[in-house]
Amino acid sequence: MNALLAETLVGPSIDWAGISPLLVLLGGSCLLLLVGSIFPRLPKGTYCAFTVLVSLTTAVAAMLQWRDVTKSGPRNLIADAVALDHFALLATIAISISIALVSLITDDYLRREDYDGPEMYALYLTAAIGGVVMASSNDLIVLFLGLETLSLSLYLLTASHRKRAESQEAGLKYFVLGGFSSAFFLYGIALTYGSTGSTNLSKISSALSGDSPFSQIDAMLLIGIGLMLVGLAFKVSAVPFHIWTPDVYEGAPSPVTAFMASAGKIAAFTALLRVLVVAFPTRIDDWRPAIWVLATLTVLAGSILAVMQTNVKRMLAFSSISHAGFLLVGVEAAGHAGDKDALAAVLTYLLLYAVLVIGSFAVVTVVAGKGDSHTTLDDFRGLGQRRPVMALALTVFLLAQAGMPATSGFIAKFGVIKAAAEVQSYSIAVIAMLGAVIAAFLYLRIMVSMWLADSTNDAELFVPVGAGIAIAFASVFTVAVGVYPGWLLDATRMVSDISISVIQAVDSTTDVPAG
Amino acid sequence: MHEHLNFPILSVIIFLPVMGALLVTMLSNRRPEWVKLCAVLVSVGNGAMSFWLMASFKTGNDDFQFVSQHDWISAWGISWHLGVDGISLFLVVLTGILFPLVILATDPHHDQKRYFAWMLLLEAGVMGSFLSLDLVLFFLFFEIVLVPMYFLIGGWGYDNRVYAATKFFLFTMFGSAFMLVGIVATAALARRDVGYLTFDLVVLAEQASFATNTGRWLFFSFAIAFAVKVPLFPFHTWLPDAHTQAPTGGSVILAGVMLKLGTYGFLRFGLYLFPEAAVWARPLFLTLATIGIVYGAIAATMQTDLKRLVAYSSVAHLGFIVLGTFAMTSQAITGGVMQMINHGVSTGALFLLVGMIYERRHTREISQLRGIQKVAPIFAAAFTVVMLSSIGVPGLNGFVGEFLVLIGSFQTARWWTIIATTGVILAALYLLWAYQRVFHGEPDESNATFAELKAREGLVLLVFIGIIGFTGLYPKPMLERIEPSVDRLIEHVVLHTDFETPAVIEAEK
């Protein structure tokens, strides 16, 4: 019996180098907790510096893998459960940059709120692990594990301000609703497994293609896809699954909001693309209309509702919904046969938006002040007089979010619109642009408050070093990419290798004799 | 062309003001006079370069000159492609003249560093729009000018400035939304004909052909952006608000050059890229233009605010330009281009004069003003000349453009032209009536102290009046530079459609 077990339970071979970014994140988070509990009194800023170091190391590890993948092509690791391709690596790099920037904002925030400690940083890192797993998963179960790792960390982060009731409320709300959405997703996995015989994305794809017995229309499969879409639509906060977003964004500590809007979105959208593009390319006609409806609803509702808000955090929450709609336009474009530019457009958008939104929330964090509560539009009045440079930076971020040329936001929007136009999805492109015009009103409102209204508060506004670095980096990046985007576009173009690994995986399944 | 010219003058014309703006923001707050000096020097430098451009422009050449072409975003086929031809040349010169004059003539009441920085950025954006020969590059500049103008209106305007600035921003952005999709779709569809993805205007216009319906849709996606910018009749409501609330400098630039982005866009992109659709849509645009002429004139007559009156007169004047554009004869379009320049000069000067009245009296209500001619005769004389130029009196610049437009349009758009001609009469009515109420009569107590023109104001106005007189009496240097490019555009239209100009019809006979 023992001999038999030993024989059948041969673990898959593991390409340690291939998952090195994940290992760095994991090691970093464990070390951070360990050191933090052994030495309670470290010089200020140590945790932040360490997290930045870990995230940059992750990015470097991912870049090394990037070179490797460029040379030897994308492949699947660990029994085809994890994909190693440019798509996953770019998402990893984007998430790493997000954590580094968010940690910089968090540093002073924690001291201001008297919560200095390693916990939040460790949670950022574990959330990042979840995000990276989602972006690189090639198996629905693995994807679900990543999703839960990310979500659980986010629930905790949201509720981490123990003295603010809003924070607690937001955490609970997010937890309950998020639990529901995970259940939907899990049920979707079960039904998909039932109708295709596998949870592996590549195998699902091959099971549904050609003349295999699963390739006919199958109600169970369609319900499965639908339920998974619901789960992921909740994560990307697409309308009508967006209800949690404004409350959670407003209630969560400002740096955490920045984290959710950047790294959280990257993870959710890359997972969505993985599932739809890798597993269900043969079911395009089934899921694309659903994405079309979600995209138009999201971009319009997000923009219109954003305009009605008076709290800047809520405004940015709704604006992030509107941006999710734009990203869904790209996902819709990716649903047309033969088009791979859309994937690059979506990932570029995610990366650029992540930097933008972190920059915006960094300013919000600084303005919010002790207690993290001064976030109404009135609190931004006269910021142009009190802190002209910071106000200018926020203006750059807002103009970029509105899609003004010469900023990264234009490059992001242009890429998505181009992807949609190239597959003749003109109507959705026009609707998205109209949504952008409506959303522009919201950004103008914030700018009016900053520049064209007199200050009601003369208190000195202190800009901490960490947040200052994050804001400076984000604004320079925003303008630099807007003016000279070539290098970034050349890099992101390579992410269209997402489904090349599918063919290999299918090949490898045919090589292995059935057990 | 200019093989020997290694100096990328067009790029410098765009970048110099950007550098100037950066420099202005970095100057010390303790030396406010340096800020203005720096802004003046930069804009005068740009003006000098645009003059040099005009002087060394090859007359009789219909092609793009001083071309500067570099890869910019090669992954998407977007290039830094600049060039100037007869249609854009004088718009560049106009921009080059207006900005230094405005910067000299107006002083912001606060935050002058930011004011001049925005002004210079605006100049860069406007120049870029007129010089771009790449669709995305044009869109970039076309859209980016909104930001400085938004802050100029919102920061230094009058009571209702935030509302006006926001309306201006959103209206224009609404139009641009369609244009962006149109631009991308144009390039994507043209890939079949061209063989690769490019946004280069010349390549697209010369090599791509679109299915009839596709071309029409694309044309309209561009046209809506330009129609908002011009503004054509149903999209004009942002204009009176923006003009009235903008500071004087903002109004001058807005009316003088920014509205021309729309009419220029129709010529450069609408007709050139989609000749078939433009010919097909002629009746619609001729009608909207005629409505704009008559409606603008009537609305101007009814105004009680002098600045609003001038704003509505712009709607009428711009209508003539669109009429000429869609009449599609050589004379009409040449006249339209002339009218763009003339309107920029005379309406720009009118806004300056109205601004001076406001500075002195702190009101623009016509009913509050009376008998200014008695106390400020030189001011009144200057106003008279500018006003007559705006009415289109022969011998002044306004006449040349309007006359060419009307005579050219009569051949291909007879009935529209007949109705549009009433606009000329109405223009005399509203301007002369306003003049009568403001300048004639006995000055009451508050108008009795109206100050005469200052030396600096007089000098600025002298430049305007010089241009008004010179172009009115001797328009040939302008016409001979504009006409070849216009003829080439019409040839392009005739070649790609079944549209026949009067010249072609006569030749056949």
# chains A, B, ... in the order shown; residues from 1 in each chain; ligands from 1
call {"tool": "residues_around", "arguments": {"residues": "Thr25 (chain B)", "least_positions_apart": "3", "cutoff": "10 Å", "atoms": "only C-alpha atoms", "output": "list in words"}}
result
Gly20, Ala21, Leu22, Ser28, Asn29, Val35, Gln112, Lys113, Arg114, Tyr115, Phe116, Ala117 and Trp118 of chain B
call {"tool": "write_last_selection", "arguments": {"atoms": "N, CA, C and O atoms", "output": "PDB file, in the first residue's frame"}}
result
ATOM      1  N   GLY B  20       9.284  78.556 -22.749  1.00  0.00           N
ATOM      2  CA  GLY B  20       8.987  79.844 -22.140  1.00  0.00           C
ATOM      3  C   GLY B  20       8.082  79.689 -20.930  1.00  0.00           C
ATOM      4  O   GLY B  20       8.301  80.326 -19.888  1.00  0.00           O
ATOM      5  N   ALA B  21       7.081  78.822 -21.056  1.00  0.00           N
ATOM      6  CA  ALA B  21       6.147  78.620 -19.943  1.00  0.00           C
ATOM      7  C   ALA B  21       6.883  78.049 -18.739  1.00  0.00           C
ATOM      8  O   ALA B  21       6.679  78.486 -17.597  1.00  0.00           O
ATOM      9  N   LEU B  22       7.765  77.082 -18.993  1.00  0.00           N
ATOM     10  CA  LEU B  22       8.523  76.495 -17.886  1.00  0.00           C
ATOM     11  C   LEU B  22       9.398  77.559 -17.224  1.00  0.00           C
ATOM     12  O   LEU B  22       9.475  77.661 -16.003  1.00  0.00           O
ATOM     13  N   SER B  28      11.560  84.016 -10.179  1.00  0.00           N
ATOM     14  CA  SER B  28      11.269  84.372  -8.790  1.00  0.00           C
ATOM     15  C   SER B  28      10.027  85.264  -8.705  1.00  0.00           C
ATOM     16  O   SER B  28       9.762  86.084  -9.576  1.00  0.00           O
ATOM     17  N   ASN B  29       9.284  85.053  -7.619  1.00  0.00           N
ATOM     18  CA  ASN B  29       8.086  85.862  -7.405  1.00  0.00           C
ATOM     19  C   ASN B  29       8.420  87.314  -7.086  1.00  0.00           C
ATOM     20  O   ASN B  29       7.580  88.193  -7.196  1.00  0.00           O
ATOM     21  N   VAL B  35       8.719  88.498 -15.249  1.00  0.00           N
ATOM     22  CA  VAL B  35       7.791  87.485 -15.748  1.00  0.00           C
ATOM     23  C   VAL B  35       7.166  87.950 -17.044  1.00  0.00           C
ATOM     24  O   VAL B  35       7.165  87.251 -18.057  1.00  0.00           O
ATOM     25  N   GLN B 112       0.236  86.477 -11.827  1.00  0.00           N
ATOM     26  CA  GLN B 112       0.584  86.702 -13.223  1.00  0.00           C
ATOM     27  C   GLN B 112       1.533  85.644 -13.785  1.00  0.00           C
ATOM     28  O   GLN B 112       1.528  85.385 -14.970  1.00  0.00           O
ATOM     29  N   LYS B 113       2.298  84.994 -12.911  1.00  0.00           N
ATOM     30  CA  LYS B 113       3.175  83.943 -13.399  1.00  0.00           C
ATOM     31  C   LYS B 113       2.380  82.831 -14.064  1.00  0.00           C
ATOM     32  O   LYS B 113       2.678  82.394 -15.166  1.00  0.00           O
ATOM     33  N   ARG B 114       1.335  82.391 -13.317  1.00  0.00           N
ATOM     34  CA  ARG B 114       0.528  81.291 -13.849  1.00  0.00           C
ATOM     35  C   ARG B 114      -0.203  81.733 -15.109  1.00  0.00           C
ATOM     36  O   ARG B 114      -0.329  80.975 -16.077  1.00  0.00           O
ATOM     37  N   TYR B 115      -0.670  82.963 -15.113  1.00  0.00           N
ATOM     38  CA  TYR B 115      -1.402  83.468 -16.268  1.00  0.00           C
ATOM     39  C   TYR B 115      -0.537  83.418 -17.529  1.00  0.00           C
ATOM     40  O   TYR B 115      -0.936  82.886 -18.561  1.00  0.00           O
ATOM     41  N   PHE B 116       0.674  83.930 -17.415  1.00  0.00           N
ATOM     42  CA  PHE B 116       1.528  83.962 -18.602  1.00  0.00           C
ATOM     43  C   PHE B 116       1.991  82.562 -18.993  1.00  0.00           C
ATOM     44  O   PHE B 116       2.154  82.263 -20.180  1.00  0.00           O
ATOM     45  N   ALA B 117       2.194  81.700 -17.994  1.00  0.00           N
ATOM     46  CA  ALA B 117       2.588  80.326 -18.322  1.00  0.00           C
ATOM     47  C   ALA B 117       1.483  79.636 -19.122  1.00  0.00           C
ATOM     48  O   ALA B 117       1.746  78.979 -20.137  1.00  0.00           O
ATOM     49  N   TRP B 118       0.236  79.807 -18.666  1.00  0.00           N
ATOM     50  CA  TRP B 118      -0.874  79.187 -19.413  1.00  0.00           C
ATOM     51  C   TRP B 118      -0.973  79.778 -20.817  1.00  0.00           C
ATOM     52  O   TRP B 118      -1.225  79.077 -21.792  1.00  0.00           O
TER      53      TRP B 118
END
call {"tool": "closest_atom_pairs", "arguments": {"of": "chain A", "to": "chain B", "cutoff": "9 Å", "atoms": "only C-alpha atoms", "output": "CSV"}}
result
residue,atom,partner,partner_atom,distance
A:Leu399,CA,B:Val147,CA,8.6
A:Met404,CA,B:Ile144,CA,6.6
A:Pro405,CA,B:Leu140,CA,5.1
A:Ala406,CA,B:Leu140,CA,7.1
A:Phe410,CA,B:Leu140,CA,9.0
A:Phe414,CA,B:Leu180,CA,8.2
A:Gly415,CA,B:Trp76,CA,8.9
A:Ile417,CA,B:Val181,CA,6.7
A:Lys418,CA,B:Val184,CA,5.7
A:Ala421,CA,B:Ala185,CA,5.3
A:Glu422,CA,B:Ala188,CA,5.5
A:Val423,CA,B:Ala188,CA,8.9
A:Gln424,CA,B:Ala185,CA,7.8
A:Tyr426,CA,B:Val181,CA,7.3
A:Ala429,CA,B:Val181,CA,6.6
A:Val430,CA,B:Phe178,CA,6.3
A:Ala432,CA,B:Ala177,CA,8.8
A:Met433,CA,B:Ala177,CA,5.2
A:Leu434,CA,B:Ala177,CA,6.2
A:Ala436,CA,B:Ala177,CA,8.1
A:Val437,CA,B:Phe174,CA,5.9
A:Ile438,CA,B:Leu170,CA,7.9
A:Ala440,CA,B:Leu170,CA,7.4
A:Phe441,CA,B:Leu170,CA,7.0
A:Leu444,CA,B:Thr166,CA,7.2
A:Arg445,CA,B:Thr166,CA,8.7
A:Val448,CA,B:Val162,CA,7.4
A:Trp451,CA,B:Gly155,CA,7.6
A:Leu452,CA,B:Gly155,CA,6.0
A:Tyr484,CA,B:Ile73,CA,7.5
A:Pro485,CA,B:Ile73,CA,6.7
A:Gly486,CA,B:Ile73,CA,5.2
A:Trp487,CA,B:Ile73,CA,8.9
A:Leu489,CA,B:Ala75,CA,6.7
A:Asp490,CA,B:Ala75,CA,6.6
A:Arg493,CA,B:Ala75,CA,8.7
call {"tool": "residues_around", "arguments": {"residues": "Phe274 (chain B)", "least_positions_apart": "5", "cutoff": "9 Å", "atoms": "only C-alpha atoms", "output": "ChimeraX atom specification"}}
result
/B:205,209-210,215-216,218-219,269,279,493,496
call {"tool": "write_last_selection", "arguments": {"atoms": "C-alpha atoms", "output": "mmCIF file, in the first residue's frame"}}
result
data_model
loop_
_atom_site.group_PDB
_atom_site.id
_atom_site.type_symbol
_atom_site.label_atom_id
_atom_site.label_comp_id
_atom_site.auth_asym_id
_atom_site.auth_seq_id
_atom_site.Cartn_x
_atom_site.Cartn_y
_atom_site.Cartn_z
ATOM 1 C CA ALA B 205 -5.683 61.213 -47.921
ATOM 2 C CA SER B 209 -10.288 55.086 -50.132
ATOM 3 C CA PHE B 210 -13.297 54.289 -48.044
ATOM 4 C CA GLY B 215 -16.498 57.480 -45.349
ATOM 5 C CA ARG B 216 -19.613 59.374 -44.408
ATOM 6 C CA LEU B 218 -15.985 58.836 -40.477
ATOM 7 C CA PHE B 219 -16.509 62.303 -41.890
ATOM 8 C CA PHE B 269 -9.230 66.974 -42.433
ATOM 9 C CA VAL B 279 -19.625 66.811 -51.039
ATOM 10 C CA VAL B 493 -12.110 66.852 -54.142
ATOM 11 C CA HIS B 496 -12.372 61.785 -55.886
#
call {"tool": "residues_around", "arguments": {"residues": "Thr501 (chain B)", "least_positions_apart": "3", "cutoff": "12 Å", "atoms": "only C-alpha atoms", "output": "PyMOL selection string"}}
result
chain B and resi 279+326-332+408-413+487+490-495+497-498+504-508
call {"tool": "closest_residue", "arguments": {"among": "B:Ile87, B:Leu318, B:Ile253, B:Ile407", "to": "Pro231 (chain B)", "atoms": "only C-alpha atoms"}}
result
B:Leu318
call {"tool": "residues_around", "arguments": {"residues": "Thr199 (chain A)", "least_positions_apart": "6", "cutoff": "7 Å", "atoms": "only C-alpha atoms", "output": "PyMOL selection string"}}
result
chain A and resi 139-141+193
call {"tool": "select_by_dssp", "arguments": {"residues": "region 214-290 of chain B", "states": "alpha helix (DSSP H)", "output": "PyMOL selection string"}}
result
chain B and resi 214-229+238-245+248-253+260-265+272-273+275-280+282-290
call {"tool": "residues_around", "arguments": {"residues": "region 215-230 of chain A", "least_positions_apart": "3", "cutoff": "6 Å", "atoms": "only C-alpha atoms", "output": "list of chain:residue names"}}
result
A:Phe184, A:Phe185, A:Gly188, A:Leu191, A:Thr192, A:Ser195, A:Leu208, A:Ser209, A:Ser212, A:Ala233
call {"tool": "select_by_dssp", "arguments": {"residues": "region 57-120 of chain A", "states": "strand (DSSP E)", "output": "CSV table (one decimal) with C-alpha atoms, in the first residue's frame"}}
result
chain,number,residue,atom,x,y,z
A,75,ARG,CA,5.7,27.7,-21.0
A,76,ASN,CA,3.6,26.1,-18.3
A,77,LEU,CA,5.0,25.2,-14.9
A,82,VAL,CA,0.9,28.0,-13.7
A,83,ALA,CA,1.7,29.8,-16.9
A,84,LEU,CA,5.0,31.5,-17.4
call {"tool": "closest_residue", "arguments": {"among": "B:Leu204, B:Leu254, B:Leu453, B:Val310", "to": "Tyr272 (chain B)", "atoms": "only C-alpha atoms"}}
result
B:Leu204
call {"tool": "closest_residue", "arguments": {"among": "A:Val52, A:Ala91, A:Ala290, A:Ala170", "to": "Phe269 (chain A)", "atoms": "only C-alpha atoms"}}
result
A:Ala91
call {"tool": "atom_distance", "arguments": {"atom1": "CA of Gly472 (chain B)", "atom2": "CA of Thr422 (chain B)"}}
result
21.6 Å
call {"tool": "residues_around", "arguments": {"residues": "Ser446 (chain B)", "least_positions_apart": "5", "cutoff": "10 Å", "atoms": "only C-alpha atoms", "output": "list of chain:residue names"}}
result
B:Arg361, B:Gln368, B:Leu369, B:Arg370
call {"tool": "closest_residue", "arguments": {"among": "A:Gln65, A:Ser322, A:Ser455, A:Thr365", "to": "Arg387 (chain A)", "atoms": "only C-alpha atoms"}}
result
A:Ser455
call {"tool": "atom_distance", "arguments": {"atom1": "CA of Ser314 (chain B)", "atom2": "CA of Ala300 (chain B)"}}
result
9.2 Å
call {"tool": "atom_distance", "arguments": {"atom1": "CA of Gly325 (chain A)", "atom2": "CA of Ile243 (chain A)"}}
result
14.6 Å
